[in-house]
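Asks: For reference, the file input36.pdb (PDB, C-alpha atoms) is included below:
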ATOM      1  CA  MET A 311      65.997  85.823  86.935
ATOM      2  CA  LYS A 312      64.428  88.613  84.935
ATOM      3  CA  ILE A 313      63.396  91.759  86.781
ATOM      4  CA  ILE A 314      61.889  95.153  85.955
ATOM      5  CA  LEU A 315      62.146  97.841  88.638
ATOM      6  CA  SER A 316      59.408 100.387  88.032
ATOM      7  CA  GLY A 317      58.481 103.591  89.797
ATOM      8  CA  ILE A 318      58.470 107.365  89.635
ATOM      9  CA  GLU A 319      61.755 109.231  89.357
ATOM     10  CA  TYR A 320      63.416 109.786  92.782
ATOM     11  CA  VAL A 321      61.798 106.656  94.222
ATOM     12  CA  GLY A 322      65.120 104.807  94.031
ATOM     13  CA  THR A 323      64.857 102.456  91.055
ATOM     14  CA  THR A 324      68.383 103.135  89.783
ATOM     15  CA  THR A 325      69.881 102.929  93.276
ATOM     16  CA  ILE A 326      68.229  99.570  93.944
ATOM     17  CA  ALA A 327      69.159  98.289  90.483
ATOM     18  CA  ASN A 328      72.820  98.951  91.210
ATOM     19  CA  LEU A 329      72.560  97.247  94.590
ATOM     20  CA  MET A 330      70.817  94.281  92.964
ATOM     21  CA  LYS A 331      73.721  93.930  90.532
ATOM     22  CA  GLU A 332      76.052  93.502  93.505
ATOM     23  CA  TRP A 333      73.611  91.206  95.328
ATOM     24  CA  LYS A 334      73.288  88.941  92.288
ATOM     25  CA  VAL A 335      77.035  88.313  92.133
ATOM     26  CA  LYS A 336      77.358  87.789  95.883
ATOM     27  CA  THR A 337      74.362  85.455  96.054
ATOM     28  CA  THR A 338      74.716  83.347  92.907
ATOM     29  CA  GLY A 339      78.325  83.853  91.890
ATOM     30  CA  THR A 340      77.283  85.138  88.466
ATOM     31  CA  PRO A 341      76.261  88.629  87.292
ATOM     32  CA  PHE A 342      73.217  89.645  85.363
ATOM     33  CA  TYR A 343      73.810  89.105  81.636
ATOM     34  CA  ASP A 344      76.915  90.967  80.452
ATOM     35  CA  ASN A 345      77.165  92.432  83.981
ATOM     36  CA  ASN A 346      74.755  95.151  82.870
ATOM     37  CA  LEU A 347      71.583  96.760  83.995
ATOM     38  CA  HIS A 348      69.415  98.635  81.520
ATOM     39  CA  ASP A 349      68.392 102.106  82.637
ATOM     40  CA  HIS A 350      67.714 103.901  79.367
ATOM     41  CA  MET A 351      64.032 104.770  79.379
ATOM     42  CA  LYS A 352      64.074 108.314  80.759
ATOM     43  CA  ILE A 353      64.133 110.907  77.984
ATOM     44  CA  PRO A 354      66.463 112.719  77.511
ATOM     45  CA  HIS A 355      68.850 111.292  80.122
ATOM     46  CA  THR A 356      69.811 107.746  79.252
ATOM     47  CA  SER A 357      72.452 105.719  81.076
ATOM     48  CA  GLY A 358      75.148 103.465  79.744
ATOM     49  CA  HIS A 359      75.952 101.931  76.358
ATOM     50  CA  PRO A 360      78.622 103.269  76.399
ATOM     51  CA  ASP A 361      78.028 106.229  78.735
ATOM     52  CA  ASP A 362      75.389 108.708  79.832
ATOM     53  CA  THR A 363      74.008 111.226  77.361
ATOM     54  CA  THR A 364      75.832 114.566  77.516
ATOM     55  CA  SER A 365      74.021 117.883  77.970
ATOM     56  CA  GLU A 366      74.430 118.567  74.258
ATOM     57  CA  GLU A 367      73.061 115.149  73.316
ATOM     58  CA  GLN A 368      70.120 115.596  75.675
ATOM     59  CA  GLN A 369      69.237 118.877  73.988
ATOM     60  CA  GLN A 370      69.398 117.179  70.591
ATOM     61  CA  ILE A 371      66.917 114.562  71.826
ATOM     62  CA  LEU A 372      64.631 117.226  73.300
ATOM     63  CA  ASN A 373      64.670 119.045  69.952
ATOM     64  CA  LEU A 374      63.221 116.008  68.167
ATOM     65  CA  SER A 375      59.579 116.184  67.138
ATOM     66  CA  PRO A 376      57.103 113.925  68.976
ATOM     67  CA  LYS A 377      57.123 111.674  65.888
ATOM     68  CA  LEU A 378      60.896 111.221  66.051
ATOM     69  CA  LYS A 379      60.893 110.806  69.842
ATOM     70  CA  GLU A 380      58.300 108.061  69.397
ATOM     71  CA  MET A 381      60.408 106.290  66.767
ATOM     72  CA  TYR A 382      63.593 106.645  68.841
ATOM     73  CA  HIS A 383      62.053 104.965  71.853
ATOM     74  CA  ARG A 384      59.990 102.355  70.021
ATOM     75  CA  TYR A 385      63.082 101.131  68.157
ATOM     76  CA  HIS A 386      65.026 101.344  71.405
ATOM     77  CA  MET A 387      62.515  99.133  73.232
ATOM     78  CA  TYR A 388      62.381  96.557  70.455
ATOM     79  CA  TYR A 389      66.182  96.318  70.587
ATOM     80  CA  HIS A 390      66.022  95.635  74.315
ATOM     81  CA  LEU A 391      63.573  92.793  73.830
ATOM     82  CA  HIS A 392      66.534  90.700  72.706
ATOM     83  CA  HIS A 393      67.858  90.675  76.258
ATOM     84  CA  TYR A 394      65.024  88.342  77.204
ATOM     85  CA  PHE A 395      66.684  85.557  75.217
ATOM     86  CA  GLN A 396      69.342  85.520  77.961
ATOM     87  CA  ARG A 397      69.152  83.755  81.299
ATOM     88  CA  ASP A 398      68.998  86.978  83.331
ATOM     89  CA  ASP A 399      67.924  90.571  82.857
ATOM     90  CA  LEU A 400      67.697  93.637  85.089
ATOM     91  CA  THR A 401      65.910  96.645  83.613
ATOM     92  CA  VAL A 402      64.680  99.926  85.080
ATOM     93  CA  GLY A 403      61.244 101.019  83.934
ATOM     94  CA  PHE A 404      61.227  99.608  80.405
ATOM     95  CA  HIS A 405      57.842  99.849  78.606
ATOM     96  CA  ILE A 406      56.039 100.870  81.815
ATOM     97  CA  GLU A 407      58.172 103.964  82.341
ATOM     98  CA  GLU A 408      58.279 104.817  78.643
ATOM     99  CA  ALA A 409      54.480 104.753  78.399
ATOM    100  CA  VAL A 410      54.077 107.072  81.399
ATOM    101  CA  LEU A 411      56.626 109.658  80.251
ATOM    102  CA  ALA A 412      55.662 109.538  76.564
ATOM    103  CA  ARG A 413      52.008 110.228  77.157
ATOM    104  CA  ARG A 414      52.388 112.840  79.892
ATOM    105  CA  TYR A 415      55.420 114.831  78.776
ATOM    106  CA  TYR A 416      56.475 114.131  75.218
ATOM    107  CA  GLY A 417      53.278 114.250  73.209
ATOM    108  CA  TYR A 418      53.281 110.815  71.665
ATOM    109  CA  GLY A 419      51.729 107.406  72.254
ATOM    110  CA  LEU A 420      48.367 109.011  72.909
ATOM    111  CA  ASP A 421      44.977 107.295  72.606
ATOM    112  CA  GLY A 422      44.061 106.589  69.001
ATOM    113  CA  GLU A 423      47.518 107.200  67.554
ATOM    114  CA  THR A 424      49.144 104.523  65.407
ATOM    115  CA  PHE A 425      51.638 103.709  68.152
ATOM    116  CA  ASP A 426      49.353 104.365  71.124
ATOM    117  CA  ARG A 427      51.218 103.309  74.281
ATOM    118  CA  GLU A 428      48.045 102.430  76.180
ATOM    119  CA  ASN A 429      46.282 100.275  73.625
ATOM    120  CA  VAL A 430      48.878  99.129  71.065
ATOM    121  CA  VAL A 431      52.613  99.226  71.803
ATOM    122  CA  PHE A 432      52.472  98.185  75.462
ATOM    123  CA  ASP A 433      50.672  94.942  74.600
ATOM    124  CA  ARG A 434      52.915  94.295  71.604
ATOM    125  CA  ILE A 435      56.017  94.571  73.792
ATOM    126  CA  GLU A 436      54.594  92.157  76.365
ATOM    127  CA  ASN A 437      53.376  89.691  73.741
ATOM    128  CA  ARG A 438      56.825  89.651  72.172
ATOM    129  CA  ILE A 439      58.454  89.022  75.562
ATOM    130  CA  LYS A 440      56.176  85.999  76.014
ATOM    131  CA  GLN A 441      57.185  84.723  72.573
ATOM    132  CA  ILE A 442      60.857  85.074  73.472
ATOM    133  CA  THR A 443      60.805  83.479  76.922
ATOM    134  CA  SER A 444      58.542  81.415  79.136
ATOM    135  CA  ASP A 445      60.374  82.744  82.191
ATOM    136  CA  PRO A 446      58.292  84.982  84.446
ATOM    137  CA  ILE A 447      59.360  88.619  84.464
ATOM    138  CA  ILE A 448      59.165  89.911  88.030
ATOM    139  CA  THR A 449      57.983  93.520  88.192
ATOM    140  CA  VAL A 450      58.998  95.369  91.353
ATOM    141  CA  HIS A 451      56.728  98.388  91.773
ATOM    142  CA  MET A 452      58.548 100.954  93.909
ATOM    143  CA  LYS A 453      56.647 103.781  95.549
ATOM    144  CA  ALA A 454      57.038 106.425  98.273
ATOM    145  CA  GLU A 455      54.984 109.161  99.855
ATOM    146  CA  THR A 456      54.551 112.291  97.742
ATOM    147  CA  SER A 457      56.295 114.479 100.323
ATOM    148  CA  ILE A 458      59.380 112.252 100.218
ATOM    149  CA  ILE A 459      59.554 112.388  96.415
ATOM    150  CA  GLU A 460      59.306 116.190  96.658
ATOM    151  CA  LYS A 461      62.165 116.346  99.194
ATOM    152  CA  ARG A 462      64.348 114.076  97.094
ATOM    153  CA  MET A 463      63.614 116.193  94.041
ATOM    154  CA  ASP A 464      64.728 119.334  95.879
ATOM    155  CA  SER A 465      67.999 117.745  96.947
ATOM    156  CA  LEU A 466      68.821 115.708  93.836
ATOM    157  CA  LYS A 467      67.354 117.474  90.813
ATOM    158  CA  ARG A 468      70.690 119.098  89.919
ATOM    159  CA  ASN A 469      72.491 115.760  89.896
ATOM    160  CA  PRO A 470      73.542 114.679  86.390
ATOM    161  CA  GLU A 471      71.268 111.630  86.386
ATOM    162  CA  HIS A 472      68.232 113.902  86.768
ATOM    163  CA  SER A 473      69.295 116.479  84.191
ATOM    164  CA  ASN A 474      66.417 117.757  82.054
ATOM    165  CA  SER A 475      63.895 115.669  83.959
ATOM    166  CA  PRO A 476      60.350 116.661  82.921
ATOM    167  CA  LEU A 477      58.810 115.713  86.280
ATOM    168  CA  LYS A 478      56.996 118.541  88.078
ATOM    169  CA  LYS A 479      56.070 118.538  91.754
ATOM    170  CA  GLU A 480      52.417 119.147  91.028
ATOM    171  CA  ASP A 481      52.384 116.048  88.805
ATOM    172  CA  ILE A 482      53.806 113.608  91.364
ATOM    173  CA  PRO A 483      50.504 112.028  92.571
ATOM    174  CA  ALA A 484      49.200 111.645  89.013
ATOM    175  CA  VAL A 485      52.482 110.217  87.713
ATOM    176  CA  MET A 486      52.597 107.696  90.561
ATOM    177  CA  ALA A 487      49.033 106.675  89.702
ATOM    178  CA  GLU A 488      50.062 106.232  86.059
ATOM    179  CA  TYR A 489      52.940 103.952  87.055
ATOM    180  CA  LYS A 490      50.526 101.879  89.113
ATOM    181  CA  HIS A 491      48.109 101.737  86.190
ATOM    182  CA  PHE A 492      50.711 100.309  83.832
ATOM    183  CA  VAL A 493      52.112  97.929  86.456
ATOM    184  CA  ASP A 494      48.581  96.641  87.013
ATOM    185  CA  LYS A 495      48.066  96.356  83.250
ATOM    186  CA  SER A 496      51.194  94.239  82.777
ATOM    187  CA  ASN A 497      50.769  90.450  82.569
ATOM    188  CA  ILE A 498      54.293  89.166  81.923
ATOM    189  CA  GLY A 499      54.823  87.786  85.409
ATOM    190  CA  PRO A 500      54.453  88.270  89.154
ATOM    191  CA  LYS A 501      54.418  91.709  90.745
ATOM    192  CA  VAL A 502      55.673  92.826  94.115
ATOM    193  CA  GLU A 503      55.540  96.245  95.753
ATOM    194  CA  VAL A 504      57.981  98.030  98.026
ATOM    195  CA  ASP A 505      57.757 101.428  99.719
ATOM    196  CA  THR A 506      60.979 103.472  99.979
ATOM    197  CA  THR A 507      59.553 106.278 102.120
ATOM    198  CA  VAL A 508      61.450 105.393 105.295
ATOM    199  CA  ASP A 509      63.924 102.599 104.560
ATOM    200  CA  THR A 510      67.548 103.042 103.564
ATOM    201  CA  PRO A 511      68.592 101.678 100.171
ATOM    202  CA  GLU A 512      70.107  98.618 101.876
ATOM    203  CA  GLU A 513      66.892  97.977 103.808
ATOM    204  CA  THR A 514      64.887  98.373 100.612
ATOM    205  CA  LEU A 515      67.179  95.923  98.822
ATOM    206  CA  ASN A 516      66.628  93.358 101.573
ATOM    207  CA  LYS A 517      62.862  93.769 101.261
ATOM    208  CA  VAL A 518      62.981  93.411  97.482
ATOM    209  CA  VAL A 519      65.060  90.251  97.772
ATOM    210  CA  GLU A 520      62.611  88.687 100.223
ATOM    211  CA  LEU A 521      59.657  89.648  98.023
ATOM    212  CA  ILE A 522      61.117  88.148  94.847
ATOM    213  CA  LYS A 523      62.489  84.946  96.398
ATOM    214  CA  PRO A 524      59.185  83.007  96.118
ATOM    215  CA  HIS A 525      59.275  83.654  92.369
ATOM    216  CA  LEU A 526      62.865  82.516  91.802
ATOM    217  CA  SER A 527      63.872  79.035  90.729
ATOM    218  CA  GLU A 528      66.642  76.911  92.267
ATOM    219  CA  ALA A 529      68.640  77.644  89.123
ATOM    220  CA  ASP A 530      68.213  81.390  89.719
ATOM    221  CA  LEU A 531      69.672  81.118  93.200
ATOM    222  CA  ASN A 532      72.369  78.550  92.492
ATOM    223  CA  ASN A 533      73.693  79.283  88.990
ATOM    224  CA  HIS A 534      77.337  79.403  90.016
TER     225      HIS A 534
END
How does the structure come out when it is put into structure tokens?
Replies:
Amino acid sequence: MKIILSGIEYVGTTTIANLMKEWKVKTTGTPFYDNNLHDHMKIPHTSGHPDDTTSEEQQQILNLSPKLKEMYHRYHMYYHLHHYFQRDDLTVGFHIEEAVLARRYYGYGLDGETFDRENVVFDRIENRIKQITSDPIITVHMKAETSIIEKRMDSLKRNPEHSNSPLKKEDIPAVMAEYKHFVDKSNIGPKVEVDTTVDTPEETLNKVVELIKPHLSEADLNNH
């Protein structure tokens, strides 16, 4: 099974990704490939491989020009395409998230540029995925009410995983609309949607599992 969890920061994508890692082992007896999830698309905070970026490293990334930020993430995404050769993959955001953040906050990937995220790179990433695998990539679009995202931002923005986040409260509705735009634009597989406004993480996980089950094969569910 190959899954992308996509949605605005504070909606719970990382939390659900970690719960899905546990669910995968309990349900099928095997982890996602290399027992990893890939949550590296938020500049400047990236997770894993081998550890999270430090405050100093985040500042170094922020100091890069838009040109170098664009290169950093384009190369980064093309590296992660190789994971689709494997049987399983669990990724947070990937090219959907990168396109939203690049265009709104980091000054690259804009319309008409060589590596335009709307009209060039997004499609190239998806076309390459389809060359690599015939497996459907299930995109889980996670959303919540604006007021809930605002409350979570107030309570969590000082947590390390949200350090140097560019998201602003006044941008939340527009950013959520941009996520929806790129989810709708994607054509690498089925899409499901889950709202995290009220449910606990465990309840959300259960909903995600039920939503993706129709798109899973017997091998996905029984690859002990």
Asks: Please evaluate the PyMOL selection byres ((chain A and resi 501) around 8) against the displayed coordinates and give the resulting residues as JSON, numbers by chain.
Replies: {"A": [448, 449, 450, 451, 493, 499, 500, 502, 503]}
Asks: What gap, in Å, lies between atom CA of Thr363 of chain A and atom CA of Asn474 of chain A?
Replies: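 About the pair atom CA of Thr363 of chain A and atom CA of Asn474 of chain A: they are 11.1 Å apart.
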Asks: For each of A:Glu319, A:Glu513, A:Asp530, A:Asp426, take the minimum atom-to-atom distance to Lys377 of chain A, counting only C-alpha atoms, then give the residue where this is smallest.
Replies: A:Asp426
Asks: Quick one: which residues end up in the PyMOL selection byres ((chain A and resi 416-419) around 10) for this structure, as a PyMOL selection string?
Replies: chain A and resi 353+372+374-381+384+408-415+420-432+476
Asks: Would you output that residue set with C-alpha atoms, as a short mmCIF file (atom, residue, chain, number, x, y, z; two decimals), keeping the file's coordinate frame?
Replies:
data_model
loop_
_atom_site.label_atom_id
_atom_site.label_comp_id
_atom_site.auth_asym_id
_atom_site.auth_seq_id
_atom_site.Cartn_x
_atom_site.Cartn_y
_atom_site.Cartn_z
CA ILE A 353 64.13 110.91 77.98
CA LEU A 372 64.63 117.23 73.30
CA LEU A 374 63.22 116.01 68.17
CA SER A 375 59.58 116.18 67.14
CA PRO A 376 57.10 113.92 68.98
CA LYS A 377 57.12 111.67 65.89
CA LEU A 378 60.90 111.22 66.05
CA LYS A 379 60.89 110.81 69.84
CA GLU A 380 58.30 108.06 69.40
CA MET A 381 60.41 106.29 66.77
CA ARG A 384 59.99 102.36 70.02
CA GLU A 408 58.28 104.82 78.64
CA ALA A 409 54.48 104.75 78.40
CA VAL A 410 54.08 107.07 81.40
CA LEU A 411 56.63 109.66 80.25
CA ALA A 412 55.66 109.54 76.56
CA ARG A 413 52.01 110.23 77.16
CA ARG A 414 52.39 112.84 79.89
CA TYR A 415 55.42 114.83 78.78
CA LEU A 420 48.37 109.01 72.91
CA ASP A 421 44.98 107.30 72.61
CA GLY A 422 44.06 106.59 69.00
CA GLU A 423 47.52 107.20 67.55
CA THR A 424 49.14 104.52 65.41
CA PHE A 425 51.64 103.71 68.15
CA ASP A 426 49.35 104.36 71.12
CA ARG A 427 51.22 103.31 74.28
CA GLU A 428 48.04 102.43 76.18
CA ASN A 429 46.28 100.28 73.62
CA VAL A 430 48.88 99.13 71.06
CA VAL A 431 52.61 99.23 71.80
CA PHE A 432 52.47 98.18 75.46
CA PRO A 476 60.35 116.66 82.92
#
Asks: Would you translate the PyMOL selection byres ((chain A and resi 483) around 12) into the concrete set of residues it matches in this file, as number ranges by chain?
Replies: A: 317-318, 453-460, 477-482, 484-490
Asks: Measure the distance from atom CA of Thr337 of chain A to atom CA of Ile522 of chain A in Å and round it to one decimal.
Replies: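 These atoms are spaced 13.6 Å apart.
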